Amino acid sequence: MTKPLADRIALVTGASRGIGYATAIALAKAGAHIVAVARTQGGLEELDDEIRKDGGSATLVPLNLTDSDGIARLGAGLHERYGKLDILVGNAGVLGPSSPVGHIELKAFNDVMAVNVSANFQLIRCMEPLLKQSDAGRAVFITSGAANKATAYVSPYAASKAALETLARAWAQETANTKLRVNLFNPGPIRTRMRATLMPGEDPATLDTPEQVAEFIVPMCTPDWTETGKFYDYKTRSLMSFRAPA
């Protein structure tokens, strides 16, 4: 039986653990070749082993996403090797400091923005030409409810996710008349290392797993997905439109 993502190339950032890891495996099971990007070589190798167990394939890219020239080189390499990119999952992110706004150092704030916003901006710049070469380019960025709740004590993270949402929505509008579809995915509280760092007293058994979340990201990466500029909320299992504050 033909897999829904057979012969498609999928780039996943933050692929060495958590939601990125689970999504890379799920996309590979659906037939995609995975271009896995992460800082951790060991985590990428574990991912490769898991993907190969199911007969899938992956290209491992150890890369710190703050290396904008490295992202550009990756885009050039994908162009040379494949001439296209079918799927971009912008998952990599950092939590940053948990403190009142006035207590946060400028460098700490900038470090969060560099990974959560600027790196995705550079990915868009470098991958858009490749995604437009696909017959059904799909981009999904992982966001957070902190963006619209303006959650206290994690202001750099909340601000970065709000910026990412606006960036993705603007890109979706710019590409609305192309075959490219751009959307956001909010997983909510999930059993990840980031969540454990933020909420150390929380029982992880009460949370859904990254594997459960990944099953809902995969459909947004298929050629059958037609929506763009939307927000999928995992907790309520609903696809939402953005609107101005009431």
# chains A, B, ... in the order shown; residues from 1 in each chain; ligands from 1
call {"tool": "closest_atom_pairs", "arguments": {"of": "stretch 58-170 of chain A", "to": "stretch 224-241 of chain A", "cutoff": "9 Å", "atoms": "only C-alpha atoms", "output": "CSV"}}
result
residue,atom,partner,partner_atom,distance
A:Ala136,CA,A:Asp224,CA,8.5
A:Arg138,CA,A:Trp225,CA,8.4
A:Thr143,CA,A:Phe231,CA,9.0
A:Gly145,CA,A:Asp233,CA,8.9
A:Glu165,CA,A:Phe231,CA,8.9
A:Ala168,CA,A:Gly229,CA,7.3
A:Arg169,CA,A:Gly229,CA,5.1
A:Ala170,CA,A:Gly229,CA,8.0
call {"tool": "select_by_dssp", "arguments": {"residues": "stretch 41-182 of chain A", "states": "strand (DSSP E)", "output": "JSON, numbers by chain"}}
result
{"A": [58, 59, 60, 61, 62, 87, 88, 89, 90, 138, 139, 140, 141, 142, 181, 182]}
call {"tool": "atom_distance", "arguments": {"atom1": "atom CA of A:Ala150", "atom2": "atom CA of A:Phe242"}}
result
16.0 Å
call {"tool": "atom_distance", "arguments": {"atom1": "atom CA of A:Ala10", "atom2": "atom CA of A:Ala28"}}
result
8.6 Å
call {"tool": "residues_around", "arguments": {"residues": "stretch 39-46 of chain A", "least_positions_apart": "5", "cutoff": "6 Å", "atoms": "only C-alpha atoms", "output": "compact mmCIF listing (two decimals) with N, CA, C and O atoms, in the first residue's frame"}}
result
# COMPACT_ATOMS: atom_id res chain seq x y z
N SER A 16 15.96 15.81 17.81
CA SER A 16 16.68 14.83 18.64
C SER A 16 15.90 14.39 19.87
O SER A 16 16.29 13.43 20.54
N PRO A 62 23.62 17.76 12.21
CA PRO A 62 23.95 18.40 13.49
C PRO A 62 24.18 19.89 13.25
O PRO A 62 25.12 20.27 12.56
N LEU A 63 23.31 20.72 13.79
CA LEU A 63 23.39 22.15 13.50
C LEU A 63 22.74 22.95 14.62
O LEU A 63 21.62 22.65 15.04
N ASN A 64 23.43 23.97 15.08
CA ASN A 64 22.84 24.93 15.99
C ASN A 64 22.09 25.95 15.15
O ASN A 64 22.68 26.60 14.28
call {"tool": "residues_around", "arguments": {"residues": "A:Pro210", "least_positions_apart": "2", "cutoff": "9 Å", "atoms": "only C-alpha atoms", "output": "number ranges by chain"}}
result
A: 18-23, 187, 190-192, 208, 212-215
call {"tool": "write_last_selection", "arguments": {"atoms": "N, CA and C atoms", "output": "CSV table (one decimal), in the first residue's frame"}}
result
chain,number,residue,atom,x,y,z
A,18,GLY,N,11.7,14.9,22.2
A,18,GLY,CA,10.4,15.5,22.3
A,18,GLY,C,9.5,15.4,21.1
A,19,ILE,N,8.8,16.5,20.9
A,19,ILE,CA,7.9,16.5,19.8
A,19,ILE,C,8.6,16.4,18.4
A,20,GLY,N,9.7,17.0,18.3
A,20,GLY,CA,10.5,16.9,17.0
A,20,GLY,C,10.9,15.5,16.7
A,21,TYR,N,11.3,14.8,17.7
A,21,TYR,CA,11.7,13.4,17.6
A,21,TYR,C,10.5,12.5,17.2
A,22,ALA,N,9.4,12.7,17.9
A,22,ALA,CA,8.2,11.9,17.6
A,22,ALA,C,7.7,12.2,16.2
A,23,THR,N,7.7,13.5,15.8
A,23,THR,CA,7.2,13.9,14.5
A,23,THR,C,8.0,13.4,13.4
A,187,PRO,N,0.7,22.4,20.8
A,187,PRO,CA,0.5,21.1,21.5
A,187,PRO,C,-0.1,21.2,22.9
A,190,ILE,N,2.6,19.0,27.3
A,190,ILE,CA,3.0,17.7,26.8
A,190,ILE,C,4.2,17.1,27.6
A,191,ARG,N,4.3,15.9,27.7
A,191,ARG,CA,5.3,15.2,28.5
A,191,ARG,C,6.7,15.4,27.8
A,192,THR,N,7.3,16.5,28.0
A,192,THR,CA,8.6,16.8,27.4
A,192,THR,C,9.6,17.4,28.4
A,208,ASP,N,-0.2,14.1,27.9
A,208,ASP,CA,-0.1,13.3,26.7
A,208,ASP,C,1.4,13.3,26.3
A,212,GLN,N,1.7,11.0,20.8
A,212,GLN,CA,0.3,11.3,20.6
A,212,GLN,C,0.1,12.6,19.8
A,213,VAL,N,0.9,13.6,20.1
A,213,VAL,CA,0.8,14.9,19.4
A,213,VAL,C,1.2,14.7,17.9
A,214,ALA,N,2.3,14.0,17.7
A,214,ALA,CA,2.8,13.8,16.3
A,214,ALA,C,1.8,13.3,15.4
A,215,GLU,N,0.9,12.4,15.8
A,215,GLU,CA,-0.2,11.9,15.0
A,215,GLU,C,-1.1,13.0,14.4
call {"tool": "residues_around", "arguments": {"residues": "A:Ser134", "least_positions_apart": "5", "cutoff": "10 Å", "atoms": "only C-alpha atoms", "output": "list in words"}}
result
Arg8, Ile9, Gly83, Lys84, Leu85, Asp86, Ile87, Pro129, Lys179, Leu180 and Pro223 of chain A
call {"tool": "write_last_selection", "arguments": {"atoms": "N, CA, C and O atoms", "output": "mmCIF file, in the first residue's frame"}}
result
data_model
loop_
_atom_site.group_PDB
_atom_site.id
_atom_site.type_symbol
_atom_site.label_atom_id
_atom_site.label_comp_id
_atom_site.auth_asym_id
_atom_site.auth_seq_id
_atom_site.Cartn_x
_atom_site.Cartn_y
_atom_site.Cartn_z
ATOM 1 N N ARG A 8 8.507 12.032 -0.433
ATOM 2 C CA ARG A 8 8.513 13.424 0.006
ATOM 3 C C ARG A 8 9.665 13.660 0.977
ATOM 4 O O ARG A 8 10.054 12.787 1.742
ATOM 5 N N ILE A 9 10.207 14.868 0.928
ATOM 6 C CA ILE A 9 11.338 15.257 1.759
ATOM 7 C C ILE A 9 10.826 16.160 2.878
ATOM 8 O O ILE A 9 10.190 17.185 2.610
ATOM 9 N N GLY A 83 16.494 19.290 -5.086
ATOM 10 C CA GLY A 83 15.839 20.294 -5.916
ATOM 11 C C GLY A 83 14.506 20.762 -5.381
ATOM 12 O O GLY A 83 13.801 21.539 -6.037
ATOM 13 N N LYS A 84 14.154 20.315 -4.176
ATOM 14 C CA LYS A 84 12.862 20.702 -3.594
ATOM 15 C C LYS A 84 12.870 20.362 -2.110
ATOM 16 O O LYS A 84 13.753 19.662 -1.605
ATOM 17 N N LEU A 85 11.853 20.861 -1.409
ATOM 18 C CA LEU A 85 11.537 20.450 -0.052
ATOM 19 C C LEU A 85 10.024 20.392 0.031
ATOM 20 O O LEU A 85 9.345 21.326 -0.395
ATOM 21 N N ASP A 86 9.485 19.294 0.547
ATOM 22 C CA ASP A 86 8.035 19.140 0.601
ATOM 23 C C ASP A 86 7.439 19.569 1.934
ATOM 24 O O ASP A 86 6.301 20.058 1.987
ATOM 25 N N ILE A 87 8.191 19.374 3.016
ATOM 26 C CA ILE A 87 7.655 19.605 4.359
ATOM 27 C C ILE A 87 8.706 20.288 5.227
ATOM 28 O O ILE A 87 9.865 19.865 5.257
ATOM 29 N N PRO A 129 12.120 28.877 -1.435
ATOM 30 C CA PRO A 129 12.271 28.504 -2.844
ATOM 31 C C PRO A 129 12.146 26.997 -3.063
ATOM 32 O O PRO A 129 11.582 26.554 -4.081
ATOM 33 N N LYS A 179 1.008 26.944 -4.057
ATOM 34 C CA LYS A 179 0.688 25.600 -3.556
ATOM 35 C C LYS A 179 1.188 25.382 -2.128
ATOM 36 O O LYS A 179 0.904 24.343 -1.533
ATOM 37 N N LEU A 180 1.903 26.347 -1.593
ATOM 38 C CA LEU A 180 2.452 26.244 -0.245
ATOM 39 C C LEU A 180 1.389 26.559 0.812
ATOM 40 O O LEU A 180 0.661 27.536 0.682
ATOM 41 N N PRO A 223 -0.241 16.308 1.195
ATOM 42 C CA PRO A 223 -0.778 17.072 0.062
ATOM 43 C C PRO A 223 -2.276 17.334 0.166
ATOM 44 O O PRO A 223 -2.788 18.301 -0.411
#
call {"tool": "decode", "arguments": {"residues": "stretch 85-96 of chain A", "atoms": "all heavy atoms", "output": "PDB file, in the first residue's frame"}}
result
ATOM      1  N   LEU A  85      11.853  20.861  -1.409  1.00  0.00           N
ATOM      2  CA  LEU A  85      11.537  20.450  -0.052  1.00  0.00           C
ATOM      3  C   LEU A  85      10.024  20.392   0.031  1.00  0.00           C
ATOM      4  O   LEU A  85       9.345  21.326  -0.395  1.00  0.00           O
ATOM      5  CB  LEU A  85      12.102  21.438   0.975  1.00  0.00           C
ATOM      6  CG  LEU A  85      11.819  21.125   2.455  1.00  0.00           C
ATOM      7  CD1 LEU A  85      12.506  19.834   2.874  1.00  0.00           C
ATOM      8  CD2 LEU A  85      12.275  22.281   3.344  1.00  0.00           C
ATOM      9  N   ASP A  86       9.485  19.294   0.547  1.00  0.00           N
ATOM     10  CA  ASP A  86       8.035  19.140   0.601  1.00  0.00           C
ATOM     11  C   ASP A  86       7.439  19.569   1.934  1.00  0.00           C
ATOM     12  O   ASP A  86       6.301  20.058   1.987  1.00  0.00           O
ATOM     13  CB  ASP A  86       7.652  17.676   0.334  1.00  0.00           C
ATOM     14  CG  ASP A  86       8.112  17.201  -1.030  1.00  0.00           C
ATOM     15  OD1 ASP A  86       7.598  17.711  -2.036  1.00  0.00           O
ATOM     16  OD2 ASP A  86       9.008  16.329  -1.084  1.00  0.00           O
ATOM     17  N   ILE A  87       8.191  19.374   3.016  1.00  0.00           N
ATOM     18  CA  ILE A  87       7.655  19.605   4.359  1.00  0.00           C
ATOM     19  C   ILE A  87       8.706  20.288   5.227  1.00  0.00           C
ATOM     20  O   ILE A  87       9.865  19.865   5.257  1.00  0.00           O
ATOM     21  CB  ILE A  87       7.251  18.271   5.018  1.00  0.00           C
ATOM     22  CG1 ILE A  87       6.153  17.571   4.195  1.00  0.00           C
ATOM     23  CG2 ILE A  87       6.788  18.484   6.453  1.00  0.00           C
ATOM     24  CD1 ILE A  87       6.011  16.088   4.499  1.00  0.00           C
ATOM     25  N   LEU A  88       8.292  21.326   5.927  1.00  0.00           N
ATOM     26  CA  LEU A  88       9.128  21.975   6.924  1.00  0.00           C
ATOM     27  C   LEU A  88       8.373  21.979   8.250  1.00  0.00           C
ATOM     28  O   LEU A  88       7.272  22.528   8.337  1.00  0.00           O
ATOM     29  CB  LEU A  88       9.451  23.421   6.517  1.00  0.00           C
ATOM     30  CG  LEU A  88      10.100  24.315   7.584  1.00  0.00           C
ATOM     31  CD1 LEU A  88      11.456  23.763   8.023  1.00  0.00           C
ATOM     32  CD2 LEU A  88      10.233  25.750   7.077  1.00  0.00           C
ATOM     33  N   VAL A  89       8.941  21.357   9.266  1.00  0.00           N
ATOM     34  CA  VAL A  89       8.368  21.398  10.610  1.00  0.00           C
ATOM     35  C   VAL A  89       9.325  22.180  11.491  1.00  0.00           C
ATOM     36  O   VAL A  89      10.407  21.699  11.848  1.00  0.00           O
ATOM     37  CB  VAL A  89       8.134  19.986  11.187  1.00  0.00           C
ATOM     38  CG1 VAL A  89       7.557  20.096  12.606  1.00  0.00           C
ATOM     39  CG2 VAL A  89       7.173  19.207  10.300  1.00  0.00           C
ATOM     40  N   GLY A  90       8.939  23.421  11.822  1.00  0.00           N
ATOM     41  CA  GLY A  90       9.752  24.278  12.670  1.00  0.00           C
ATOM     42  C   GLY A  90       9.405  24.030  14.125  1.00  0.00           C
ATOM     43  O   GLY A  90       8.521  24.684  14.687  1.00  0.00           O
ATOM     44  N   ASN A  91      10.097  23.066  14.707  1.00  0.00           N
ATOM     45  CA  ASN A  91       9.774  22.634  16.069  1.00  0.00           C
ATOM     46  C   ASN A  91      10.762  23.128  17.119  1.00  0.00           C
ATOM     47  O   ASN A  91      10.385  23.361  18.265  1.00  0.00           O
ATOM     48  CB  ASN A  91       9.718  21.098  16.107  1.00  0.00           C
ATOM     49  CG  ASN A  91       9.823  20.559  17.519  1.00  0.00           C
ATOM     50  OD1 ASN A  91       8.865  20.599  18.288  1.00  0.00           O
ATOM     51  ND2 ASN A  91      11.006  20.055  17.872  1.00  0.00           N
ATOM     52  N   ALA A  92      12.010  23.311  16.750  1.00  0.00           N
ATOM     53  CA  ALA A  92      13.037  23.644  17.734  1.00  0.00           C
ATOM     54  C   ALA A  92      12.691  24.916  18.501  1.00  0.00           C
ATOM     55  O   ALA A  92      12.251  25.906  17.915  1.00  0.00           O
ATOM     56  CB  ALA A  92      14.388  23.805  17.043  1.00  0.00           C
ATOM     57  N   GLY A  93      12.886  24.872  19.803  1.00  0.00           N
ATOM     58  CA  GLY A  93      12.610  26.044  20.621  1.00  0.00           C
ATOM     59  C   GLY A  93      13.261  25.909  21.980  1.00  0.00           C
ATOM     60  O   GLY A  93      13.572  24.798  22.428  1.00  0.00           O
ATOM     61  N   VAL A  94      13.469  27.037  22.625  1.00  0.00           N
ATOM     62  CA  VAL A  94      14.020  27.039  23.980  1.00  0.00           C
ATOM     63  C   VAL A  94      13.088  27.818  24.899  1.00  0.00           C
ATOM     64  O   VAL A  94      12.402  28.748  24.466  1.00  0.00           O
ATOM     65  CB  VAL A  94      15.440  27.646  24.021  1.00  0.00           C
ATOM     66  CG1 VAL A  94      16.412  26.774  23.245  1.00  0.00           C
ATOM     67  CG2 VAL A  94      15.454  29.069  23.468  1.00  0.00           C
ATOM     68  N   LEU A  95      13.067  27.421  26.168  1.00  0.00           N
ATOM     69  CA  LEU A  95      12.184  28.058  27.146  1.00  0.00           C
ATOM     70  C   LEU A  95      12.742  29.378  27.647  1.00  0.00           C
ATOM     71  O   LEU A  95      12.012  30.361  27.813  1.00  0.00           O
ATOM     72  CB  LEU A  95      11.954  27.109  28.325  1.00  0.00           C
ATOM     73  CG  LEU A  95      11.084  27.624  29.476  1.00  0.00           C
ATOM     74  CD1 LEU A  95       9.671  27.926  28.977  1.00  0.00           C
ATOM     75  CD2 LEU A  95      11.038  26.584  30.598  1.00  0.00           C
ATOM     76  N   GLY A  96      14.037  29.423  27.897  1.00  0.00           N
ATOM     77  CA  GLY A  96      14.643  30.632  28.435  1.00  0.00           C
ATOM     78  C   GLY A  96      14.373  30.789  29.923  1.00  0.00           C
ATOM     79  O   GLY A  96      13.855  29.883  30.585  1.00  0.00           O
TER      80      GLY A  96
END
